[in-house]
$ cat run.cif   # mmCIF, C-alpha atoms and all ligand atoms
data_coords
#
loop_
_atom_site.label_atom_id
_atom_site.label_comp_id
_atom_site.auth_asym_id
_atom_site.auth_seq_id
_atom_site.Cartn_x
_atom_site.Cartn_y
_atom_site.Cartn_z
CA MET A 1 77.78 115.09 21.13
CA THR A 2 76.53 112.87 18.33
CA THR A 3 73.75 113.87 16.02
CA SER A 4 71.22 111.60 14.44
CA PRO A 5 72.13 110.64 10.89
CA LEU A 6 68.43 110.64 10.06
CA PRO A 7 65.97 113.52 10.28
CA LEU A 8 63.68 112.85 13.24
CA GLY A 9 60.09 113.99 12.90
CA GLY A 10 58.35 116.14 15.47
CA GLU A 11 54.60 116.20 15.66
CA GLY A 12 53.27 115.25 12.26
CA GLY A 13 56.77 115.51 10.77
CA PRO A 14 58.71 112.77 8.99
CA GLN A 15 59.36 109.72 11.16
CA PRO A 16 62.78 108.02 11.32
CA ALA A 17 63.21 105.50 8.54
CA LEU A 18 64.98 103.15 10.97
CA SER A 19 62.81 101.10 13.27
CA ARG A 20 63.94 99.17 16.36
CA GLY A 21 65.48 95.72 15.99
CA GLY A 22 68.18 96.97 13.67
CA ALA A 23 66.59 95.55 10.51
CA GLY A 24 67.25 97.97 7.69
CA ARG A 25 69.79 99.94 9.76
CA VAL A 26 71.73 102.39 7.64
CA ARG A 27 75.36 101.26 7.27
CA GLY A 28 77.58 103.33 9.56
CA ALA A 29 74.68 104.70 11.61
CA PRO A 30 75.30 104.54 15.37
CA LEU A 31 73.66 101.55 17.05
CA LEU A 32 71.28 102.76 19.72
CA LEU A 33 70.15 100.81 22.78
CA ALA A 34 66.64 101.05 21.36
CA ASP A 35 67.83 98.99 18.40
CA LEU A 36 68.73 96.14 20.75
CA ALA A 37 65.79 96.35 23.13
CA PRO A 38 62.75 94.14 22.64
CA PRO A 39 59.86 96.00 21.05
CA SER A 40 58.21 98.16 23.66
CA SER A 41 54.56 97.48 24.41
CA PHE A 42 54.01 101.20 24.03
CA THR A 43 55.26 103.48 21.30
CA PRO A 44 53.67 106.89 21.85
CA ARG A 45 51.91 108.28 18.83
CA ARG A 46 53.07 111.73 17.88
CA SER A 47 49.71 113.43 17.86
CA ASN A 48 47.11 114.26 20.50
CA LEU A 49 49.45 113.17 23.28
CA THR A 50 47.71 115.30 25.86
CA ARG A 51 44.24 113.95 25.06
CA LEU A 52 42.61 111.49 27.48
CA ASP A 53 40.07 109.99 25.09
CA ASN A 54 38.72 106.61 26.25
CA LYS A 55 40.48 107.01 29.61
CA VAL A 56 38.76 106.68 32.96
CA ALA A 57 40.01 108.87 35.81
CA ILE A 58 39.17 109.03 39.52
CA VAL A 59 39.75 112.42 41.13
CA THR A 60 39.40 112.65 44.91
CA GLY A 61 38.31 115.90 46.52
CA ALA A 62 36.58 116.75 43.25
CA ALA A 63 33.76 118.86 44.70
CA SER A 64 35.90 121.93 45.23
CA GLY A 65 39.07 123.85 44.40
CA ILE A 66 41.95 122.02 42.73
CA GLY A 67 40.12 118.68 42.46
CA ALA A 68 37.15 120.30 40.69
CA GLY A 69 39.57 122.07 38.33
CA ILE A 70 41.38 118.82 37.51
CA ALA A 71 38.12 116.90 36.94
CA GLU A 72 36.89 119.60 34.58
CA ARG A 73 40.21 119.74 32.67
CA PHE A 74 40.39 115.94 32.30
CA GLN A 75 36.86 115.83 30.95
CA GLU A 76 37.68 118.56 28.43
CA ALA A 77 40.56 116.30 27.32
CA GLY A 78 38.12 113.44 26.71
CA ALA A 79 38.20 111.36 29.92
CA ALA A 80 35.26 109.86 31.79
CA VAL A 81 35.66 111.27 35.29
CA VAL A 82 34.75 109.73 38.63
CA LEU A 83 34.28 112.49 41.17
CA PHE A 84 34.91 111.39 44.76
CA ASP A 85 34.33 113.68 47.73
CA ILE A 86 33.03 113.74 51.30
CA ASN A 87 30.82 116.71 50.38
CA SER A 88 27.86 114.96 48.78
CA GLU A 89 26.01 118.12 47.73
CA GLY A 90 29.17 119.59 46.17
CA VAL A 91 30.13 116.44 44.31
CA LEU A 92 26.61 115.94 42.94
CA SER A 93 26.60 119.51 41.71
CA MET A 94 29.92 118.89 39.91
CA GLU A 95 28.46 115.72 38.41
CA ARG A 96 25.46 117.68 37.06
CA LYS A 97 27.80 120.28 35.58
CA LEU A 98 30.15 117.79 33.90
CA ARG A 99 27.36 115.57 32.59
CA GLN A 100 26.33 118.44 30.32
CA THR A 101 29.57 118.01 28.39
CA GLY A 102 30.69 114.40 28.89
CA GLN A 103 30.77 111.40 31.19
CA ALA A 104 30.93 111.87 34.96
CA LEU A 105 30.00 109.86 38.04
CA ALA A 106 29.77 111.26 41.58
CA ILE A 107 30.66 109.09 44.57
CA THR A 108 30.37 110.34 48.14
CA GLY A 109 32.80 108.97 50.69
CA ASP A 110 35.73 109.55 53.00
CA VAL A 111 39.17 109.05 51.40
CA SER A 112 40.59 107.80 54.71
CA ARG A 113 38.12 104.87 54.97
CA GLU A 114 39.34 101.67 53.36
CA GLU A 115 35.87 100.46 52.37
CA ASP A 116 35.10 103.80 50.68
CA ALA A 117 38.34 103.74 48.66
CA LYS A 118 37.87 100.10 47.62
CA GLY A 119 34.20 100.70 46.78
CA ALA A 120 34.99 103.79 44.68
CA VAL A 121 37.55 101.92 42.58
CA GLU A 122 35.15 98.99 42.07
CA GLN A 123 32.28 101.31 41.12
CA ALA A 124 34.48 103.20 38.64
CA VAL A 125 35.52 99.96 36.95
CA ARG A 126 31.94 98.60 36.93
CA THR A 127 30.53 101.82 35.47
CA PHE A 128 33.15 102.67 32.84
CA GLY A 129 34.74 99.26 32.16
CA GLY A 130 38.20 99.99 33.57
CA LEU A 131 40.45 102.53 35.23
CA ASP A 132 43.47 104.41 33.84
CA ILE A 133 44.18 107.37 36.11
CA VAL A 134 43.92 108.17 39.82
CA VAL A 135 44.45 111.66 41.18
CA ASN A 136 44.89 111.62 44.95
CA ASN A 137 43.95 115.21 45.67
CA ALA A 138 41.57 115.36 48.65
CA GLY A 139 43.18 116.97 51.66
CA ILE A 140 42.66 119.04 54.78
CA GLU A 141 44.96 121.35 56.71
CA LEU A 142 44.83 121.26 60.51
CA ALA A 143 46.87 123.96 62.24
CA GLY A 144 49.11 123.58 65.24
CA THR A 145 52.55 122.78 66.55
CA VAL A 146 53.12 119.24 67.82
CA VAL A 147 52.56 120.54 71.36
CA GLN A 148 49.26 122.19 70.47
CA MET A 149 47.84 119.33 68.40
CA THR A 150 45.90 116.46 69.90
CA SER A 151 46.92 113.00 68.80
CA SER A 152 43.49 112.51 67.24
CA ASP A 153 44.03 115.66 65.10
CA TRP A 154 47.41 114.20 64.08
CA ASP A 155 45.76 110.91 63.09
CA ARG A 156 43.04 112.69 61.13
CA GLN A 157 45.56 114.85 59.26
CA ILE A 158 47.72 111.87 58.32
CA ASN A 159 44.78 109.62 57.48
CA VAL A 160 43.01 112.08 55.19
CA ASN A 161 46.12 113.38 53.42
CA LEU A 162 48.49 110.38 53.35
CA LYS A 163 46.75 107.11 54.22
CA SER A 164 44.21 107.99 51.50
CA VAL A 165 46.98 107.92 48.87
CA PHE A 166 47.97 104.44 50.08
CA LEU A 167 44.34 103.21 50.05
CA PHE A 168 43.31 104.51 46.61
CA SER A 169 46.59 103.37 45.07
CA LYS A 170 46.36 99.92 46.71
CA TYR A 171 42.95 99.21 45.19
CA ALA A 172 43.55 100.99 41.87
CA ILE A 173 46.92 99.50 40.89
CA PRO A 174 45.60 96.03 39.96
CA HIS A 175 43.28 97.77 37.45
CA LEU A 176 45.98 100.12 36.10
CA ARG A 177 48.28 97.24 35.10
CA GLY A 178 48.41 96.69 31.35
CA ARG A 179 46.71 100.04 30.64
CA ARG A 180 49.75 102.36 31.00
CA GLY A 181 48.05 103.66 34.13
CA ALA A 182 49.02 106.84 35.94
CA ILE A 183 48.76 107.94 39.55
CA LEU A 184 49.13 111.60 40.40
CA ASN A 185 49.43 112.73 44.01
CA ILE A 186 48.75 116.31 45.04
CA SER A 187 51.33 117.20 47.67
CA SER A 188 52.33 120.79 48.48
CA VAL A 189 55.33 123.11 48.75
CA HIS A 190 54.90 122.32 52.46
CA ALA A 191 56.60 118.99 51.64
CA PHE A 192 59.97 120.72 51.52
CA ALA A 193 59.47 124.25 52.91
CA SER A 194 57.96 124.40 56.37
CA TYR A 195 55.80 127.12 57.83
CA GLU A 196 55.02 127.80 61.47
CA GLY A 197 52.14 125.87 63.01
CA THR A 198 51.58 123.32 60.25
CA ALA A 199 53.58 120.36 61.58
CA ALA A 200 51.19 117.51 60.77
CA TYR A 201 50.22 118.95 57.38
CA ASP A 202 53.89 119.30 56.43
CA ALA A 203 54.58 115.72 57.54
CA SER A 204 51.63 114.41 55.51
CA LYS A 205 52.74 116.24 52.37
CA ALA A 206 56.39 115.13 52.71
CA GLY A 207 55.11 111.58 53.22
CA ILE A 208 53.24 111.78 49.91
CA LEU A 209 56.53 112.44 48.08
CA GLY A 210 58.16 109.38 49.67
CA LEU A 211 55.17 107.23 48.75
CA THR A 212 55.20 108.64 45.19
CA ARG A 213 58.83 107.58 44.71
CA ALA A 214 58.25 104.14 46.26
CA MET A 215 55.23 103.38 44.08
CA ALA A 216 57.00 104.63 40.93
CA LEU A 217 59.78 102.14 41.65
CA ASP A 218 57.57 99.22 42.69
CA HIS A 219 55.14 99.52 39.78
CA GLY A 220 57.21 100.96 36.94
CA ARG A 221 57.75 97.55 35.37
CA GLU A 222 53.98 97.18 35.21
CA GLY A 223 53.90 100.30 33.02
CA ILE A 224 52.38 102.42 35.79
CA ARG A 225 53.71 105.95 36.23
CA VAL A 226 53.46 107.74 39.59
CA ASN A 227 54.15 111.45 39.98
CA ALA A 228 53.36 114.31 42.33
CA ILE A 229 52.57 118.00 42.06
CA CYS A 230 53.54 120.48 44.75
CA PRO A 231 51.31 123.55 44.40
CA GLY A 232 52.10 126.90 46.01
CA TYR A 233 49.17 129.03 47.15
CA ILE A 234 46.16 128.29 44.98
CA ASP A 235 42.95 130.29 45.11
CA THR A 236 40.52 127.76 46.63
CA PRO A 237 38.27 127.61 49.71
CA MET A 238 41.18 125.97 51.60
CA LEU A 239 42.99 129.32 51.63
CA VAL A 240 40.27 131.09 53.61
CA SER A 241 40.67 130.72 57.38
CA PRO A 242 37.31 130.12 59.03
CA GLY A 243 36.08 133.18 60.93
CA SER A 244 38.44 135.66 59.24
CA THR A 245 37.02 139.11 58.46
CA GLN A 246 37.06 140.54 54.95
CA SER A 247 39.85 143.02 55.78
CA ASP A 248 41.91 140.26 57.48
CA ALA A 249 41.46 138.13 54.37
CA ALA A 250 42.44 141.02 52.05
CA ALA A 251 45.61 141.73 54.06
CA ALA A 252 46.52 138.03 54.14
CA MET A 253 45.95 137.77 50.40
CA GLN A 254 48.21 140.77 49.71
CA GLN A 255 50.95 139.15 51.78
CA ILE A 256 50.51 135.82 49.99
CA VAL A 257 50.61 137.41 46.53
CA SER A 258 53.84 139.23 47.44
CA VAL A 259 55.75 135.94 47.99
CA HIS A 260 54.94 134.66 44.49
CA ARG A 261 57.52 136.06 42.09
CA LEU A 262 55.03 135.90 39.20
CA GLY A 263 52.93 138.47 41.07
CA ARG A 264 49.77 136.45 41.56
CA ILE A 265 48.58 133.36 43.36
CA GLY A 266 47.76 130.21 41.43
CA THR A 267 44.41 129.03 40.12
CA PRO A 268 42.99 125.51 40.08
CA ARG A 269 43.43 125.66 36.30
CA ASP A 270 47.21 126.20 36.72
CA VAL A 271 47.41 122.94 38.66
CA ALA A 272 44.95 121.16 36.36
CA ASP A 273 47.03 121.92 33.25
CA ALA A 274 50.14 120.48 34.96
CA ALA A 275 48.08 117.47 36.09
CA LEU A 276 46.82 116.82 32.56
CA PHE A 277 50.38 116.86 31.24
CA LEU A 278 51.64 114.42 33.89
CA VAL A 279 48.89 111.81 33.46
CA SER A 280 48.90 112.04 29.66
CA ASP A 281 51.09 110.29 27.09
CA SER A 282 53.03 113.57 26.73
CA ALA A 283 54.74 112.52 29.99
CA SER A 284 55.16 108.85 29.04
CA PHE A 285 58.79 108.75 30.30
CA ILE A 286 58.16 110.76 33.46
CA SER A 287 57.68 108.78 36.66
CA GLY A 288 58.76 109.28 40.28
CA SER A 289 58.91 113.03 39.60
CA VAL A 290 57.71 116.05 41.50
CA LEU A 291 56.48 119.12 39.63
CA VAL A 292 56.42 122.37 41.61
CA VAL A 293 53.62 124.72 40.51
CA ASP A 294 54.20 127.78 42.69
CA GLY A 295 54.95 130.88 40.60
CA ALA A 296 58.60 130.79 41.77
CA MET A 297 57.61 131.10 45.44
CA THR A 298 59.94 128.49 46.92
CA VAL A 299 63.08 129.28 44.91
CA ALA A 300 63.72 132.38 47.04
CA GLY A 301 66.67 131.79 49.36
CA HIS A 302 65.28 133.61 52.40
P1 LIG B 1 39.43 122.44 48.97
O1 LIG B 1 38.95 123.51 48.08
O2 LIG B 1 39.13 122.49 50.43
O3 LIG B 1 38.95 121.05 48.37
C1 LIG B 1 39.21 119.83 49.00
C2 LIG B 1 38.03 118.91 48.78
O4 LIG B 1 38.34 117.67 49.46
C3 LIG B 1 36.75 119.46 49.44
O5 LIG B 1 35.64 119.25 48.63
C4 LIG B 1 36.68 118.64 50.73
O6 LIG B 1 35.36 118.52 51.23
C5 LIG B 1 37.21 117.31 50.25
N1 LIG B 1 37.61 116.46 51.37
C6 LIG B 1 38.10 116.84 52.58
N2 LIG B 1 38.27 115.77 53.36
C7 LIG B 1 37.87 114.69 52.65
C8 LIG B 1 37.78 113.30 52.94
N3 LIG B 1 38.14 112.80 54.14
N4 LIG B 1 37.33 112.47 51.98
C9 LIG B 1 36.93 112.95 50.77
N5 LIG B 1 36.96 114.25 50.45
C10 LIG B 1 37.44 115.12 51.37
O7 LIG B 1 41.03 122.31 48.91
P2 LIG B 1 42.07 122.59 47.72
O8 LIG B 1 42.74 123.85 48.03
O9 LIG B 1 41.43 122.37 46.41
O10 LIG B 1 43.12 121.43 48.03
C11 LIG B 1 43.19 120.24 47.27
C12 LIG B 1 44.54 119.58 47.56
O11 LIG B 1 45.58 120.48 47.19
C13 LIG B 1 44.77 119.26 49.03
O12 LIG B 1 45.44 118.04 49.15
C14 LIG B 1 45.66 120.39 49.49
O13 LIG B 1 46.47 120.03 50.59
C15 LIG B 1 46.48 120.63 48.25
N6 LIG B 1 47.09 121.97 48.19
C16 LIG B 1 46.32 123.10 48.21
C17 LIG B 1 46.94 124.35 48.14
C18 LIG B 1 46.16 125.64 48.13
O14 LIG B 1 46.78 126.69 48.27
N7 LIG B 1 44.84 125.62 47.97
C19 LIG B 1 48.33 124.42 48.06
C20 LIG B 1 49.08 123.26 48.05
C21 LIG B 1 48.46 122.03 48.11
P3 LIG B 1 34.90 119.57 52.40
O15 LIG B 1 34.93 120.93 51.77
O16 LIG B 1 33.54 119.11 52.78
O17 LIG B 1 35.93 119.41 53.50
#
$ encode --input "run.cif" --output "structure tokens"
Amino acid sequence: MTTSPLPLGGEGGPQPALSRGGAGRVRGAPLLLADLAPPSSFTPRRSNLTRLDNKVAIVTGAASGIGAGIAERFQEAGAAVVLFDINSEGVLSMERKLRQTGQALAITGDVSREEDAKGAVEQAVRTFGGLDIVVNNAGIELAGTVVQMTSSDWDRQINVNLKSVFLFSKYAIPHLRGRRGAILNISSVHAFASYEGTAAYDASKAGILGLTRAMALDHGREGIRVNAICPGYIDTPMLVSPGSTQSDAAAAMQQIVSVHRLGRIGTPRDVADAALFLVSDSASFISGSVLVVDGAMTVAGH
């Protein structure tokens, strides 16, 4: 292992005296690849790396649960947030809430409709002058084995959860170029650990990971980073099965908590903090990655 001949500064600490290009290189100091590379268009500053000041972010599914948590967290970090959701009342209520503390714009639409995705990106750019971040979060979970499911349920599951990622990314990427843009896709632990009766959901979430890797590769040279988060159980309305009684729900919750080694289920804030890290300059060398946020649920070998 070699050590740096120069003290490297952490946040606010002393910066290396040697800059890229080799000019002024200390005699005998090891030559690093960075010395030979052309100057990067982006040298991260060492302070406020997890701030999103002057950034514009679209968050889909922002009226509820994880999407609402991410929108709120991004705005706290300084971003202007475009809230997209099919639930018009819910998304307008989030807009009212976030406008008390910063910039927010609600757009009602269906993530699986091409014209809605294209229109949302255009409206975001028109309103805030550009686009830096897209969080593809909106999703639904339709139960059933492949035998039980109708093919129209299959199409709906795949269109809402997976085609939506394709659509929003397709229309956003031209705007993200040259702005160190970031796309974050909300997948699930269902992408790699299957559960009974969730075939189409599992397929949609695994598909998101493949698409994340492909886009990271295709658009990395444009400075665009693409990552995914796989949450475990998160306390949102999605967790509550329609029609379940209070005692059913309590028993189900106890069972769910027991599979999380940290002894609790996750909160939207847990996912939002991870999301903020991944879209921020703190993660400027992270792309094509998957971050599991599941309280050690899926590491169990049984
Ligand atoms: P949620 O509370 O149900 O929120 C999802 C939001 O997306 C809702 O406001 C929903 O509106 C909206 N939405 C649904 N279909 C839409 C469409 N076609 N177009 C636009 N918006 C649409 O769910 P959540 O738990 O926060 O889940 C968010 C994401 O995290 C999903 O992708 C989910 O698969 C993933 N996830 C959740 C968990 C968990 O345990 N909660 C775990 C792993 C992954 P309506 O309420 O009107 O349908």
$ residues_around --input "run.cif" --residues "Ile234 of chain A" --least-positions-apart "3" --cutoff "12 Å" --atoms "only C-alpha atoms" --output "VMD selection string"
chain A and resid 65 to 67 69 188 to 189 230 to 231 237 to 240 253 256 to 257 260 264 to 272 293 to 295 297
$ axis_aligned_box --input "run.cif" --around "ligand LIG 1 (chain B)" --padding-each-side "5 Å" --output "lines of an AutoDock Vina configuration file"
center_x = 41.3
center_y = 119.6
center_z = 50.3
size_x = 25.5
size_y = 24.2
size_z = 17.7
$ residues_near_ligand --input "run.cif" --ligand "ligand LIG 1 (chain B)" --cutoff "8 Å" --atoms "all atoms listed in the file" --output "PDB file with C-alpha atoms, keeping the file's coordinate frame"
ATOM      1  CA  THR A  60      39.400 112.650  44.910  1.00  0.00           C
ATOM      2  CA  GLY A  61      38.310 115.900  46.520  1.00  0.00           C
ATOM      3  CA  ALA A  62      36.580 116.750  43.250  1.00  0.00           C
ATOM      4  CA  ALA A  63      33.760 118.860  44.700  1.00  0.00           C
ATOM      5  CA  SER A  64      35.900 121.930  45.230  1.00  0.00           C
ATOM      6  CA  GLY A  65      39.070 123.850  44.400  1.00  0.00           C
ATOM      7  CA  ILE A  66      41.950 122.020  42.730  1.00  0.00           C
ATOM      8  CA  GLY A  67      40.120 118.680  42.460  1.00  0.00           C
ATOM      9  CA  ALA A  68      37.150 120.300  40.690  1.00  0.00           C
ATOM     10  CA  PHE A  84      34.910 111.390  44.760  1.00  0.00           C
ATOM     11  CA  ASP A  85      34.330 113.680  47.730  1.00  0.00           C
ATOM     12  CA  ILE A  86      33.030 113.740  51.300  1.00  0.00           C
ATOM     13  CA  ASN A  87      30.820 116.710  50.380  1.00  0.00           C
ATOM     14  CA  GLY A  90      29.170 119.590  46.170  1.00  0.00           C
ATOM     15  CA  VAL A  91      30.130 116.440  44.310  1.00  0.00           C
ATOM     16  CA  THR A 108      30.370 110.340  48.140  1.00  0.00           C
ATOM     17  CA  GLY A 109      32.800 108.970  50.690  1.00  0.00           C
ATOM     18  CA  ASP A 110      35.730 109.550  53.000  1.00  0.00           C
ATOM     19  CA  VAL A 111      39.170 109.050  51.400  1.00  0.00           C
ATOM     20  CA  SER A 112      40.590 107.800  54.710  1.00  0.00           C
ATOM     21  CA  ARG A 113      38.120 104.870  54.970  1.00  0.00           C
ATOM     22  CA  ASN A 136      44.890 111.620  44.950  1.00  0.00           C
ATOM     23  CA  ASN A 137      43.950 115.210  45.670  1.00  0.00           C
ATOM     24  CA  ALA A 138      41.570 115.360  48.650  1.00  0.00           C
ATOM     25  CA  GLY A 139      43.180 116.970  51.660  1.00  0.00           C
ATOM     26  CA  ILE A 140      42.660 119.040  54.780  1.00  0.00           C
ATOM     27  CA  GLU A 141      44.960 121.350  56.710  1.00  0.00           C
ATOM     28  CA  VAL A 160      43.010 112.080  55.190  1.00  0.00           C
ATOM     29  CA  ASN A 161      46.120 113.380  53.420  1.00  0.00           C
ATOM     30  CA  ILE A 186      48.750 116.310  45.040  1.00  0.00           C
ATOM     31  CA  SER A 187      51.330 117.200  47.670  1.00  0.00           C
ATOM     32  CA  SER A 188      52.330 120.790  48.480  1.00  0.00           C
ATOM     33  CA  VAL A 189      55.330 123.110  48.750  1.00  0.00           C
ATOM     34  CA  HIS A 190      54.900 122.320  52.460  1.00  0.00           C
ATOM     35  CA  TYR A 201      50.220 118.950  57.380  1.00  0.00           C
ATOM     36  CA  LYS A 205      52.740 116.240  52.370  1.00  0.00           C
ATOM     37  CA  CYS A 230      53.540 120.480  44.750  1.00  0.00           C
ATOM     38  CA  PRO A 231      51.310 123.550  44.400  1.00  0.00           C
ATOM     39  CA  GLY A 232      52.100 126.900  46.010  1.00  0.00           C
ATOM     40  CA  TYR A 233      49.170 129.030  47.150  1.00  0.00           C
ATOM     41  CA  ILE A 234      46.160 128.290  44.980  1.00  0.00           C
ATOM     42  CA  ASP A 235      42.950 130.290  45.110  1.00  0.00           C
ATOM     43  CA  THR A 236      40.520 127.760  46.630  1.00  0.00           C
ATOM     44  CA  PRO A 237      38.270 127.610  49.710  1.00  0.00           C
ATOM     45  CA  MET A 238      41.180 125.970  51.600  1.00  0.00           C
ATOM     46  CA  LEU A 239      42.990 129.320  51.630  1.00  0.00           C
ATOM     47  CA  GLY A 266      47.760 130.210  41.430  1.00  0.00           C
ATOM     48  CA  PRO A 268      42.990 125.510  40.080  1.00  0.00           C
TER      49      PRO A 268
END
$ atom_distance --input "run.cif" --atom1 "atom CA of Gly129 of chain A" --atom2 "atom CA of Met215 of chain A"
24.1 Å
$ closest_residue --input "run.cif" --among "A:Asp132, A:Thr298, A:Gln100, A:Thr127" --to "Tyr195 of chain A" --atoms "all atoms listed in the file"
A:Thr298
$ closest_residue --input "run.cif" --among "A:Ala200, A:Val134, A:Val59, A:Leu49" --to "Ser151 of chain A" --atoms "all atoms listed in the file"
A:Ala200
$ atom_distance --input "run.cif" --atom1 "atom CA of Ser289 of chain A" --atom2 "atom CA of Ile229 of chain A"
8.4 Å
$ closest_atom_pairs --input "run.cif" --of "segment 137-245 of chain A" --to "segment 117-120 of chain A" --cutoff "7 Å" --atoms "all atoms listed in the file" --output "tab-separated table"
residue	atom	partner	partner_atom	distance
A:Leu167	CA	A:Ala117	CA	6.2
A:Phe168	CA	A:Ala117	CA	5.4
A:Tyr171	CA	A:Lys118	CA	5.7
$ residues_near_point --input "run.cif" --point "(48.4, 108.1, 54.8)" --cutoff "10 Å" --atoms "only C-alpha atoms" --output "list in words"
Val111, Ser112, Asp155, Arg156, Gln157, Ile158, Asn159, Val160, Asn161, Leu162, Lys163, Ser164, Val165, Phe166, Leu167, Ser204, Lys205, Gly207, Ile208 and Leu211 of chain A
$ closest_residue --input "run.cif" --among "A:Ala216, A:Met149, A:Val259, A:Thr50" --to "Gly301 of chain A" --atoms "only C-alpha atoms"
A:Val259
$ residues_near_point --input "run.cif" --point "(49.0, 104.5, 42.8)" --cutoff "6 Å" --atoms "only C-alpha atoms" --output "list of chain:residue names"
A:Ser169, A:Ile173, A:Ile183
$ closest_residue --input "run.cif" --among "A:Ala104, A:Val299, A:Leu131, A:Leu262" --to "His175 of chain A" --atoms "all atoms listed in the file"
A:Leu131
$ closest_residue --input "run.cif" --among "A:Arg225, A:Leu291, A:Thr101, A:Glu122" --to "Asp273 of chain A" --atoms "only C-alpha atoms"
A:Leu291
$ closest_residue --input "run.cif" --among "A:Arg177, A:Val82, A:Phe192, A:Asp116" --to "Ile70 of chain A" --atoms "all atoms listed in the file"
A:Val82
$ atom_distance --input "run.cif" --atom1 "atom CA of Thr145 of chain A" --atom2 "atom CA of Asp202 of chain A"
10.8 Å
$ decode --input "run.cif" --residues "segment 125-166 of chain A" --atoms "C-alpha atoms" --output "JSON list (two decimals), in the first residue's frame"
[["chain", "number", "residue", "atom", "x", "y", "z"],
["A", 125, "VAL", "CA", -38.00, 22.97, -17.15],
["A", 126, "ARG", "CA", -40.33, 25.84, -18.13],
["A", 127, "THR", "CA", -41.14, 26.67, -14.51],
["A", 128, "PHE", "CA", -37.72, 26.37, -12.88],
["A", 129, "GLY", "CA", -35.36, 26.89, -15.85],
["A", 130, "GLY", "CA", -33.87, 23.39, -15.98],
["A", 131, "LEU", "CA", -33.82, 19.93, -14.46],
["A", 132, "ASP", "CA", -31.12, 18.20, -12.39],
["A", 133, "ILE", "CA", -32.69, 15.22, -10.62],
["A", 134, "VAL", "CA", -35.42, 12.68, -11.33],
["A", 135, "VAL", "CA", -36.66, 10.26, -8.70],
["A", 136, "ASN", "CA", -38.73, 7.48, -10.25],
["A", 137, "ASN", "CA", -40.66, 6.44, -7.17],
["A", 138, "ALA", "CA", -44.36, 6.01, -8.05],
["A", 139, "GLY", "CA", -45.44, 2.40, -7.86],
["A", 140, "ILE", "CA", -48.27, -0.01, -7.16],
["A", 141, "GLU", "CA", -48.31, -3.60, -5.96],
["A", 142, "LEU", "CA", -50.81, -6.00, -7.52],
["A", 143, "ALA", "CA", -51.00, -9.41, -5.86],
["A", 144, "GLY", "CA", -51.18, -12.77, -7.56],
["A", 145, "THR", "CA", -49.31, -15.68, -9.04],
["A", 146, "VAL", "CA", -48.92, -15.72, -12.82],
["A", 147, "VAL", "CA", -51.89, -18.12, -12.98],
["A", 148, "GLN", "CA", -54.11, -15.87, -10.90],
["A", 149, "MET", "CA", -53.21, -12.59, -12.60],
["A", 150, "THR", "CA", -54.98, -11.32, -15.69],
["A", 151, "SER", "CA", -52.77, -10.12, -18.50],
["A", 152, "SER", "CA", -54.19, -6.62, -18.10],
["A", 153, "ASP", "CA", -53.11, -6.62, -14.41],
["A", 154, "TRP", "CA", -49.65, -7.73, -15.57],
["A", 155, "ASP", "CA", -49.52, -4.86, -18.09],
["A", 156, "ARG", "CA", -50.66, -2.34, -15.50],
["A", 157, "GLN", "CA", -48.08, -3.51, -12.95],
["A", 158, "ILE", "CA", -45.23, -3.35, -15.47],
["A", 159, "ASN", "CA", -46.38, -0.06, -17.00],
["A", 160, "VAL", "CA", -46.76, 1.82, -13.72],
["A", 161, "ASN", "CA", -43.61, 0.47, -12.05],
["A", 162, "LEU", "CA", -41.17, -0.07, -14.94],
["A", 163, "LYS", "CA", -42.30, 1.61, -18.16],
["A", 164, "SER", "CA", -42.63, 4.82, -16.11],
["A", 165, "VAL", "CA", -38.88, 4.73, -15.33],
["A", 166, "PHE", "CA", -38.17, 4.43, -19.07]]
